[in-house]
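S.K.: My structure file model.cif, mmCIF, C-alpha atoms and all ligand atoms, is below:
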data_query
#
loop_
_atom_site.label_atom_id
_atom_site.label_comp_id
_atom_site.auth_asym_id
_atom_site.auth_seq_id
_atom_site.Cartn_x
_atom_site.Cartn_y
_atom_site.Cartn_z
CA MET A 1 33.15 95.01 58.21
CA VAL A 2 35.79 92.72 56.75
CA LYS A 3 36.22 95.12 53.87
CA ASP A 4 36.84 98.07 56.22
CA ILE A 5 39.47 96.16 58.11
CA ALA A 6 41.06 94.99 54.88
CA GLU A 7 41.29 98.60 53.70
CA GLN A 8 42.80 99.69 57.01
CA LEU A 9 45.40 96.97 56.81
CA LYS A 10 46.17 97.69 53.19
CA SER A 11 46.89 101.34 53.89
CA ARG A 12 48.98 100.46 56.95
CA PHE A 13 50.96 97.96 54.86
CA SER A 14 51.55 100.46 52.09
CA GLU A 15 52.77 103.00 54.67
CA MET A 16 55.39 100.42 55.43
CA GLY A 17 56.28 100.05 51.79
CA LEU A 18 54.44 96.77 51.42
CA ASP A 19 52.12 96.39 48.47
CA VAL A 20 49.46 93.84 49.28
CA PRO A 21 46.40 93.37 47.04
CA LEU A 22 43.23 94.37 48.85
CA GLU A 23 41.37 91.27 47.62
CA ASP A 24 44.04 89.05 49.15
CA ILE A 25 43.64 90.59 52.57
CA GLU A 26 39.90 90.54 52.27
CA SER A 27 39.66 86.91 51.28
CA LYS A 28 42.02 85.84 54.05
CA LEU A 29 40.01 87.75 56.63
CA ASP A 30 36.80 86.48 55.21
CA GLU A 31 37.94 82.90 55.34
CA LEU A 32 39.09 83.14 58.95
CA THR A 33 36.04 84.96 60.25
CA ASN A 34 33.23 83.49 58.19
CA LYS A 35 34.47 80.03 57.43
CA PHE A 36 36.34 79.26 60.64
CA GLY A 37 34.46 81.55 62.99
CA VAL A 38 37.63 83.23 64.24
CA PRO A 39 36.89 86.49 66.10
CA VAL A 40 37.60 89.55 63.97
CA ASP A 41 40.45 90.89 66.11
CA GLU A 42 42.12 87.53 66.12
CA ALA A 43 41.73 87.19 62.37
CA LYS A 44 43.22 90.61 61.86
CA ARG A 45 46.27 89.79 63.98
CA SER A 46 46.73 86.51 62.20
CA VAL A 47 46.60 88.08 58.73
CA VAL A 48 49.00 90.80 59.79
CA SER A 49 51.55 88.34 61.16
CA GLN A 50 51.34 86.32 58.01
CA TYR A 51 52.30 89.27 55.80
CA LEU A 52 54.93 90.53 58.20
CA LYS A 53 56.48 87.11 58.33
CA GLU A 54 56.56 86.81 54.55
CA SER A 55 58.24 90.19 54.25
CA ASN A 56 60.52 89.75 57.23
CA ILE A 57 59.21 92.81 59.02
CA PRO A 58 59.35 92.79 62.82
CA ARG A 59 55.90 92.89 64.43
CA GLY A 60 56.92 95.95 66.37
CA GLU A 61 57.17 97.95 63.19
CA PHE A 62 53.55 97.31 62.44
CA TYR A 63 52.19 97.80 65.93
CA GLY A 64 54.62 100.51 66.86
CA LYS A 65 51.95 103.16 66.57
CA ASP A 66 51.22 102.95 70.28
CA SER A 67 54.66 103.93 71.52
CA SER A 68 54.31 105.88 74.72
CA PRO A 69 56.24 109.06 75.46
CA VAL A 70 59.15 108.65 77.85
CA LYS A 71 62.05 110.67 79.16
CA VAL A 72 65.60 109.83 78.14
CA ARG A 73 66.49 108.92 81.72
CA ASP A 74 63.78 106.26 81.76
CA ILE A 75 65.19 104.30 78.84
CA SER A 76 66.60 101.22 80.48
CA SER A 77 65.87 98.29 78.24
CA GLU A 78 66.20 97.26 74.62
CA GLY A 79 63.45 96.71 72.10
CA GLN A 80 60.96 99.16 73.58
CA TRP A 81 58.83 101.33 71.34
CA VAL A 82 58.92 104.80 72.77
CA GLY A 83 58.29 108.41 71.95
CA LEU A 84 60.61 111.25 72.89
CA LYS A 85 60.47 115.00 72.86
CA ALA A 86 64.07 115.99 72.37
CA LYS A 87 66.56 118.40 70.97
CA VAL A 88 69.21 117.42 68.44
CA ILE A 89 72.43 118.27 70.19
CA GLN A 90 74.99 116.93 67.79
CA LEU A 91 75.24 115.15 64.50
CA TRP A 92 78.18 112.82 64.13
CA GLN A 93 80.10 111.63 61.15
CA SER A 94 78.47 108.44 59.96
CA GLU A 95 80.90 105.73 58.98
CA SER A 96 78.43 103.59 57.17
CA ASP A 97 76.22 103.96 54.10
CA SER A 98 73.45 102.19 55.96
CA ILE A 99 73.19 105.09 58.39
CA ALA A 100 71.53 108.26 57.15
CA GLN A 101 72.20 110.15 60.34
CA VAL A 102 73.69 109.48 63.71
CA GLY A 103 74.10 111.78 66.65
CA LEU A 104 72.88 112.81 70.00
CA ILE A 105 69.49 113.98 71.15
CA GLY A 106 68.49 115.06 74.61
CA ASP A 107 65.70 116.20 76.87
CA GLU A 108 65.56 117.65 80.40
CA THR A 109 66.68 114.33 81.87
CA GLY A 110 69.70 113.49 79.76
CA THR A 111 71.07 112.65 76.36
CA ILE A 112 70.99 109.56 74.17
CA LYS A 113 72.47 108.48 70.87
CA PHE A 114 70.12 108.09 67.91
CA VAL A 115 70.54 106.22 64.67
CA ASN A 116 68.51 107.07 61.59
CA TRP A 117 68.91 104.09 59.26
CA ALA A 118 69.09 104.88 55.58
CA LYS A 119 66.67 102.08 54.70
CA SER A 120 63.98 103.62 56.90
CA ALA A 121 63.97 106.69 54.67
CA ARG A 122 63.03 109.06 57.49
CA PRO A 123 63.51 112.80 57.18
CA LEU A 124 66.81 114.19 58.39
CA VAL A 125 66.97 116.26 61.54
CA GLU A 126 68.95 119.43 62.15
CA GLU A 127 71.34 120.26 64.91
CA GLY A 128 69.87 122.62 67.48
CA LYS A 129 66.26 121.95 66.55
CA CYS A 130 63.65 120.28 68.72
CA TYR A 131 61.36 117.48 67.66
CA VAL A 132 58.71 115.09 68.81
CA PHE A 133 59.87 111.61 67.86
CA LYS A 134 57.23 108.90 67.78
CA ASN A 135 57.82 105.20 67.36
CA VAL A 136 61.53 104.96 67.93
CA VAL A 137 62.95 101.72 69.25
CA THR A 138 65.39 101.46 72.12
CA ASP A 139 68.53 99.48 71.59
CA SER A 140 71.91 99.16 73.17
CA TRP A 141 75.36 99.09 71.73
CA GLN A 142 78.62 98.65 73.58
CA GLY A 143 76.83 98.92 76.88
CA ARG A 144 75.01 102.13 76.12
CA PHE A 145 71.41 102.75 75.28
CA GLN A 146 70.41 104.37 72.05
CA VAL A 147 67.26 104.85 70.01
CA ASN A 148 66.84 103.73 66.41
CA PHE A 149 64.52 105.24 63.85
CA ASN A 150 62.55 102.93 61.58
CA LYS A 151 59.96 103.17 58.83
CA ASN A 152 57.26 104.01 61.37
CA THR A 153 59.16 106.70 63.14
CA GLU A 154 57.40 110.04 63.02
CA ILE A 155 59.52 113.12 63.29
CA GLN A 156 57.83 116.41 63.89
CA GLU A 157 59.68 119.62 64.45
CA ILE A 158 58.39 121.73 67.34
CA GLU A 159 58.80 125.40 68.15
CA GLU A 160 59.53 125.14 71.83
CA ASP A 161 63.13 124.92 72.96
CA ILE A 162 64.15 122.07 75.21
CA GLU A 163 66.63 122.70 77.96
CA VAL A 164 68.81 119.65 77.72
CA GLY A 165 69.88 118.28 81.05
CA SER A 166 73.18 116.56 81.34
CA SER A 167 75.98 116.32 83.74
CA VAL A 168 78.04 119.46 83.51
CA GLU A 169 81.74 118.87 83.66
CA ASP A 170 84.02 121.40 85.23
CA ILE A 171 87.66 120.48 85.00
CA THR A 172 90.94 122.29 85.15
CA GLY A 173 93.82 120.77 83.32
CA ALA A 174 96.45 121.06 80.67
CA ILE A 175 95.74 120.79 76.97
CA VAL A 176 97.83 117.87 75.88
CA ASP A 177 96.68 117.45 72.31
CA ILE A 178 94.85 119.27 69.53
CA GLN A 179 93.18 116.68 67.38
CA SER A 180 92.64 116.48 63.65
CA GLY A 181 89.43 118.13 62.54
CA SER A 182 90.45 121.26 64.42
CA GLY A 183 90.98 124.72 62.98
CA LEU A 184 89.37 125.98 59.81
CA ILE A 185 86.85 123.43 58.65
CA LYS A 186 84.01 123.37 56.18
CA ARG A 187 80.49 122.26 56.94
CA CYS A 188 77.68 121.16 54.66
CA GLU A 189 75.11 123.94 54.19
CA SER A 190 72.25 121.45 54.27
CA CYS A 191 73.06 119.30 57.28
CA ASN A 192 75.92 121.05 59.03
CA ARG A 193 78.19 118.04 58.98
CA ALA A 194 81.89 118.68 58.83
CA LEU A 195 83.07 117.92 55.31
CA ILE A 196 85.80 115.40 54.71
CA LYS A 197 87.88 116.30 51.66
CA GLY A 198 85.11 118.58 50.45
CA SER A 199 82.52 115.86 50.76
CA CYS A 200 79.49 115.55 53.02
CA GLY A 201 78.66 112.04 54.22
CA GLU A 202 75.07 112.67 53.27
CA HIS A 203 75.11 115.15 50.40
CA GLY A 204 78.35 114.29 48.61
CA LYS A 205 80.55 116.98 47.07
CA VAL A 206 79.30 120.36 48.24
CA GLU A 207 80.64 123.88 48.37
CA GLY A 208 80.32 124.08 52.14
CA LYS A 209 80.64 126.96 54.53
CA TYR A 210 83.60 127.74 56.74
CA ASP A 211 83.60 127.15 60.46
CA LEU A 212 86.16 127.23 63.20
CA ARG A 213 86.47 124.69 65.97
CA VAL A 214 88.97 122.97 68.19
CA LYS A 215 88.97 119.42 69.43
CA ALA A 216 91.30 119.52 72.37
CA VAL A 217 92.38 116.84 74.78
CA ILE A 218 92.53 118.11 78.32
CA ASP A 219 94.16 116.31 81.20
CA ASP A 220 93.67 117.22 84.84
CA GLY A 221 96.08 114.62 86.09
CA LYS A 222 93.35 112.12 86.87
CA ILE A 223 91.15 112.04 83.81
CA VAL A 224 91.59 112.87 80.16
CA ARG A 225 88.67 114.43 78.32
CA ASP A 226 88.01 115.48 74.76
CA ALA A 227 86.77 119.05 74.69
CA ILE A 228 85.00 120.54 71.70
CA LEU A 229 85.31 124.27 71.31
CA ASN A 230 82.82 125.78 68.91
CA ARG A 231 83.56 128.84 66.82
CA GLU A 232 82.51 131.33 69.48
CA ILE A 233 84.70 129.80 72.19
CA THR A 234 87.60 129.29 69.78
CA GLU A 235 87.48 132.92 68.66
CA LYS A 236 87.29 134.19 72.23
CA LEU A 237 90.07 131.99 73.49
CA THR A 238 92.56 132.34 70.65
CA GLY A 239 91.66 135.82 69.45
CA ILE A 240 91.55 134.35 65.94
CA THR A 241 88.25 135.11 64.27
CA LEU A 242 86.85 133.05 61.46
CA ASP A 243 87.85 135.79 59.01
CA ALA A 244 91.34 135.93 60.44
CA ALA A 245 91.58 132.16 60.15
CA LYS A 246 90.60 132.33 56.49
CA LYS A 247 93.29 134.95 55.94
CA ILE A 248 95.90 132.80 57.66
CA ALA A 249 94.94 129.87 55.45
CA GLU A 250 94.98 132.00 52.29
CA GLU A 251 98.35 133.53 53.01
CA ALA A 252 99.90 130.19 53.84
CA LEU A 253 98.06 128.54 50.94
CA ASP A 254 97.34 125.87 53.48
CA PRO A 255 94.26 125.60 55.75
CA SER A 256 96.18 123.44 58.22
CA LYS A 257 98.30 126.48 59.06
CA VAL A 258 95.37 127.58 61.25
CA VAL A 259 95.67 124.44 63.36
CA ASP A 260 99.39 125.09 63.79
CA VAL A 261 98.74 128.58 65.07
CA ILE A 262 96.01 127.42 67.43
CA THR A 263 98.08 124.50 68.67
CA GLU A 264 100.98 126.78 69.44
CA GLN A 265 98.70 128.98 71.51
CA LEU A 266 96.90 126.33 73.51
CA MET A 267 99.16 123.33 73.81
CA GLY A 268 100.51 122.70 77.26
CA HIS A 269 98.59 125.53 78.87
CA TYR A 270 96.21 125.18 81.75
CA TYR A 271 92.54 125.90 81.31
CA ARG A 272 89.38 125.65 83.28
CA VAL A 273 86.74 124.12 81.04
CA LYS A 274 83.03 123.95 81.75
CA GLY A 275 80.22 122.46 79.73
CA PRO A 276 77.83 119.56 79.37
CA LYS A 277 79.44 116.20 79.08
CA VAL A 278 78.13 114.40 76.08
CA GLY A 279 79.46 110.93 75.56
CA ARG A 280 83.21 111.30 75.81
CA TYR A 281 83.12 114.97 74.93
CA ILE A 282 82.76 118.14 76.89
CA LEU A 283 80.89 120.66 74.79
CA VAL A 284 82.71 123.68 76.05
CA GLU A 285 80.53 126.58 77.12
CA GLU A 286 83.04 128.40 79.28
CA MET A 287 86.78 128.29 79.09
CA GLU A 288 89.44 130.39 80.72
CA ARG A 289 93.14 130.29 81.40
CA ALA A 290 93.93 128.80 84.77
CA VAL A 291 96.96 128.75 86.93
CA PRO A 292 98.72 125.42 86.89
CA VAL A 293 99.27 123.71 90.19
CA SER A 294 102.88 123.44 89.28
CA ASP A 295 104.91 123.48 86.12
CA GLY A 296 105.77 119.87 86.71
CA ASP A 297 102.13 118.91 86.40
CA ILE A 298 101.93 120.20 82.86
CA GLN A 299 105.17 118.55 81.86
CA ASP A 300 103.96 115.30 83.42
CA ALA A 301 100.65 115.55 81.63
CA ILE A 302 102.26 116.19 78.27
CA ALA A 303 104.84 113.49 78.77
CA MET A 304 102.07 111.10 79.69
CA ALA A 305 99.94 112.00 76.67
CA GLU A 306 102.87 111.68 74.32
CA GLY A 307 103.67 108.30 75.77
CA LEU A 308 100.16 107.01 75.05
ZN ZN B 401 75.23 117.43 54.10
#
Rewrite the structure from the file as structure tokens, please.

M.R.:
Amino acid sequence: MVKDIAEQLKSRFSEMGLDVPLEDIESKLDELTNKFGVPVDEAKRSVVSQYLKESNIPRGEFYGKDSSPVKVRDISSEGQWVGLKAKVIQLWQSESDSIAQVGLIGDETGTIKFVNWAKSARPLVEEGKCYVFKNVVTDSWQGRFQVNFNKNTEIQEIEEDIEVGSSVEDITGAIVDIQSGSGLIKRCESCNRALIKGSCGEHGKVEGKYDLRVKAVIDDGKIVRDAILNREITEKLTGITLDAAKKIAEEALDPSKVVDVITEQLMGHYYRVKGPKVGRYILVEEMERAVPVSDGDIQDAIAMAEGL
């Protein structure tokens, strides 16, 4: 009996990267149950806390196995162990070595930021794929909820596609800025991150594959939003295909020439932009030229943006 429990605990500890001698666990359990007459369950809990305390591991990480599945919308407090079935909507640039991956996942009820800590050594996820996440912990940062992965987090890819629900934004306004990171960019072949100076935050120096995107700031006179145009939308809107963009860059011997051309086309013009709002971004799904209310509005919008 004690031996079985000791073996269970040992394998659970080693899953968590903790190497505890089986005899140690066994003798502790044995002492508590046989010498002091402590009930088995109680003894087990006591031994577990002792090791967790010594190794500075939060109790939740050990007991996290029971996390219950929830919907994104229902996440309303910190420190809860939950499970989610969600789609990876976006991976963001991580600014810290301690973060393996950061981005946005979502289910039918909404979207939430996730952080995959490097020290947890969890597998990486891919944009656009759906997963069952078990044993993630809710947290909040700057007033927003997020989920963190940890050593116990289980990530299992699933075949079904999840229709991510989010508030769809539909605004008509002037483009008042085209931000850096627009135009011809390169992405990592393994994780799809945008490369910075030929380097992936996760995979270091890589060859990368070309992509086209625009990060535009759109202003409808009341609110200012960052809109992200993927390759498809960018090509449709500007008439510049990825191949054409590569040619422009080659001929100019300068990839940033592409941004110049795009900026010239879009800047100051009115567009109707539709797409899910994700954090501060609109992920543009539809975009078309719109008629400005008046010329003055555009000039005001640009003047305002430049004054910021
Ligand atoms: Zn990468």

S.K.: How close does each residue of chain A get to ligand ZN 401 (chain B), giving the shortest atom pair and distance in Å to one decimal for every residue with an atom at most 7 Å away, counting only C-alpha atoms and all ligand atoms, sorted by chain and residue number, as a Markdown table?

M.R.:
| residue | atom | partner | partner_atom | distance |
| --- | --- | --- | --- | --- |
| A:Cys188 | CA | B:ZN401 | ZN | 4.5 |
| A:Glu189 | CA | B:ZN401 | ZN | 6.5 |
| A:Ser190 | CA | B:ZN401 | ZN | 5.0 |
| A:Cys191 | CA | B:ZN401 | ZN | 4.3 |
| A:Asn192 | CA | B:ZN401 | ZN | 6.2 |
| A:Arg193 | CA | B:ZN401 | ZN | 5.7 |
| A:Cys200 | CA | B:ZN401 | ZN | 4.8 |
| A:Gly201 | CA | B:ZN401 | ZN | 6.4 |
| A:Glu202 | CA | B:ZN401 | ZN | 4.8 |
| A:His203 | CA | B:ZN401 | ZN | 4.3 |

S.K.: Range 217-219 of chain A: which residues within 10 Å, counting all atoms listed in the file, same-chain residues fewer than 3 positions away excluded, as an mmCIF file with C-alpha atoms, keeping the file's coordinate frame?

M.R.:
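As written to disk, part.cif reads:
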data_model
loop_
_atom_site.group_PDB
_atom_site.id
_atom_site.type_symbol
_atom_site.label_atom_id
_atom_site.label_comp_id
_atom_site.auth_asym_id
_atom_site.auth_seq_id
_atom_site.Cartn_x
_atom_site.Cartn_y
_atom_site.Cartn_z
ATOM 1 C CA ILE A 171 87.660 120.480 85.000
ATOM 2 C CA THR A 172 90.940 122.290 85.150
ATOM 3 C CA GLY A 173 93.820 120.770 83.320
ATOM 4 C CA ALA A 174 96.450 121.060 80.670
ATOM 5 C CA ILE A 175 95.740 120.790 76.970
ATOM 6 C CA VAL A 176 97.830 117.870 75.880
ATOM 7 C CA ASP A 177 96.680 117.450 72.310
ATOM 8 C CA ILE A 178 94.850 119.270 69.530
ATOM 9 C CA GLN A 179 93.180 116.680 67.380
ATOM 10 C CA VAL A 214 88.970 122.970 68.190
ATOM 11 C CA LYS A 222 93.350 112.120 86.870
ATOM 12 C CA ILE A 223 91.150 112.040 83.810
ATOM 13 C CA VAL A 224 91.590 112.870 80.160
ATOM 14 C CA ARG A 225 88.670 114.430 78.320
ATOM 15 C CA ASP A 226 88.010 115.480 74.760
ATOM 16 C CA ALA A 227 86.770 119.050 74.690
ATOM 17 C CA ILE A 228 85.000 120.540 71.700
ATOM 18 C CA MET A 267 99.160 123.330 73.810
ATOM 19 C CA GLY A 268 100.510 122.700 77.260
ATOM 20 C CA HIS A 269 98.590 125.530 78.870
ATOM 21 C CA TYR A 270 96.210 125.180 81.750
ATOM 22 C CA TYR A 271 92.540 125.900 81.310
ATOM 23 C CA ARG A 272 89.380 125.650 83.280
ATOM 24 C CA VAL A 273 86.740 124.120 81.040
ATOM 25 C CA TYR A 281 83.120 114.970 74.930
ATOM 26 C CA ILE A 282 82.760 118.140 76.890
ATOM 27 C CA ASP A 297 102.130 118.910 86.400
ATOM 28 C CA ILE A 298 101.930 120.200 82.860
ATOM 29 C CA ALA A 301 100.650 115.550 81.630
ATOM 30 C CA ILE A 302 102.260 116.190 78.270
ATOM 31 C CA MET A 304 102.070 111.100 79.690
ATOM 32 C CA ALA A 305 99.940 112.000 76.670
#

S.K.: Find, counting only C-alpha atoms, the residue in A:Lys35, A:Lys236, A:Lys134, A:Lys87 that gets nearest to Val70 in chain A.

M.R.: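 Checking each of A:Lys35, A:Lys236, A:Lys134, A:Lys87 against Val70 in chain A, counting only C-alpha atoms, the winner is A:Lys134.
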
S.K.: So the first atom is CA of Gly198 in chain A and the second is CA of Thr241 in chain A; what is the distance between them in Å, to one decimal place?

M.R.: 21.8 Å

S.K.: Tell me, as a compact mmCIF listing (two decimals) with C-alpha atoms, keeping the file's coordinate frame, which residues lie within 10 Å of Ser76 in chain A, counting only C-alpha atoms; anything in the same chain fewer than 4 positions away does not count.

M.R.:
# COMPACT_ATOMS: atom_id res chain seq x y z
CA VAL A 72 65.60 109.83 78.14
CA GLN A 80 60.96 99.16 73.58
CA THR A 138 65.39 101.46 72.12
CA ASP A 139 68.53 99.48 71.59
CA SER A 140 71.91 99.16 73.17
CA ARG A 144 75.01 102.13 76.12
CA PHE A 145 71.41 102.75 75.28
CA GLN A 146 70.41 104.37 72.05

S.K.: As a short mmCIF file (atom, residue, chain, number, x, y, z; two decimals), in the coordinates of the input, please: range 7-37 of chain A completed to N, CA and C atoms.

M.R.:
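Done, and the output landed in selection_27.cif:
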data_model
loop_
_atom_site.label_atom_id
_atom_site.label_comp_id
_atom_site.auth_asym_id
_atom_site.auth_seq_id
_atom_site.Cartn_x
_atom_site.Cartn_y
_atom_site.Cartn_z
N GLU A 7 40.80 97.31 54.21
CA GLU A 7 41.29 98.60 53.70
C GLU A 7 42.27 99.26 54.68
N GLN A 8 41.90 99.18 55.96
CA GLN A 8 42.80 99.69 57.01
C GLN A 8 44.18 99.04 56.90
N LEU A 9 44.14 97.71 56.85
CA LEU A 9 45.40 96.97 56.81
C LEU A 9 46.19 97.31 55.56
N LYS A 10 45.48 97.38 54.44
CA LYS A 10 46.17 97.69 53.19
C LYS A 10 46.91 99.03 53.29
N SER A 11 46.24 100.03 53.87
CA SER A 11 46.89 101.34 53.89
C SER A 11 48.05 101.34 54.90
N ARG A 12 47.89 100.58 55.98
CA ARG A 12 48.98 100.46 56.95
C ARG A 12 50.18 99.76 56.29
N PHE A 13 49.88 98.69 55.54
CA PHE A 13 50.96 97.96 54.86
C PHE A 13 51.67 98.88 53.86
N SER A 14 50.89 99.64 53.12
CA SER A 14 51.55 100.46 52.09
C SER A 14 52.37 101.58 52.74
N GLU A 15 51.94 102.05 53.92
CA GLU A 15 52.77 103.00 54.67
C GLU A 15 54.14 102.41 54.95
N MET A 16 54.14 101.10 55.10
CA MET A 16 55.39 100.42 55.43
C MET A 16 56.13 99.97 54.17
N GLY A 17 55.62 100.38 53.04
CA GLY A 17 56.28 100.05 51.79
C GLY A 17 55.93 98.67 51.27
N LEU A 18 54.84 98.12 51.80
CA LEU A 18 54.44 96.77 51.42
C LEU A 18 53.19 96.85 50.55
N ASP A 19 53.29 96.32 49.34
CA ASP A 19 52.12 96.39 48.47
C ASP A 19 51.37 95.06 48.50
N VAL A 20 50.25 95.06 49.17
CA VAL A 20 49.46 93.84 49.28
C VAL A 20 48.11 94.07 48.62
N PRO A 21 47.70 93.17 47.70
CA PRO A 21 46.40 93.37 47.04
C PRO A 21 45.25 93.32 48.05
N LEU A 22 44.36 94.27 47.93
CA LEU A 22 43.23 94.37 48.85
C LEU A 22 42.41 93.08 48.88
N GLU A 23 42.20 92.49 47.69
CA GLU A 23 41.37 91.27 47.62
C GLU A 23 42.00 90.12 48.42
N ASP A 24 43.33 90.08 48.39
CA ASP A 24 44.04 89.05 49.15
C ASP A 24 43.73 89.15 50.63
N ILE A 25 43.88 90.38 51.14
CA ILE A 25 43.64 90.59 52.57
C ILE A 25 42.19 90.24 52.89
N GLU A 26 41.32 90.73 52.03
CA GLU A 26 39.90 90.54 52.27
C GLU A 26 39.53 89.07 52.30
N SER A 27 40.06 88.32 51.34
CA SER A 27 39.66 86.91 51.28
C SER A 27 40.25 86.12 52.45
N LYS A 28 41.44 86.51 52.89
CA LYS A 28 42.02 85.84 54.05
C LYS A 28 41.19 86.11 55.30
N LEU A 29 40.83 87.38 55.47
CA LEU A 29 40.01 87.75 56.63
C LEU A 29 38.66 87.05 56.60
N ASP A 30 38.12 87.07 55.40
CA ASP A 30 36.80 86.48 55.21
C ASP A 30 36.80 85.00 55.55
N GLU A 31 37.84 84.33 55.08
CA GLU A 31 37.94 82.90 55.34
C GLU A 31 38.01 82.62 56.84
N LEU A 32 38.90 83.36 57.52
CA LEU A 32 39.09 83.14 58.95
C LEU A 32 37.82 83.43 59.75
N THR A 33 37.20 84.57 59.43
CA THR A 33 36.04 84.96 60.25
C THR A 33 34.79 84.16 59.87
N ASN A 34 34.50 84.10 58.59
CA ASN A 34 33.23 83.49 58.19
C ASN A 34 33.29 81.97 58.10
N LYS A 35 34.42 81.48 57.59
CA LYS A 35 34.47 80.03 57.43
C LYS A 35 34.86 79.33 58.74
N PHE A 36 35.86 79.93 59.43
CA PHE A 36 36.34 79.26 60.64
C PHE A 36 35.83 79.88 61.93
N GLY A 37 35.07 80.94 61.81
CA GLY A 37 34.46 81.55 62.99
C GLY A 37 35.47 82.18 63.95
#
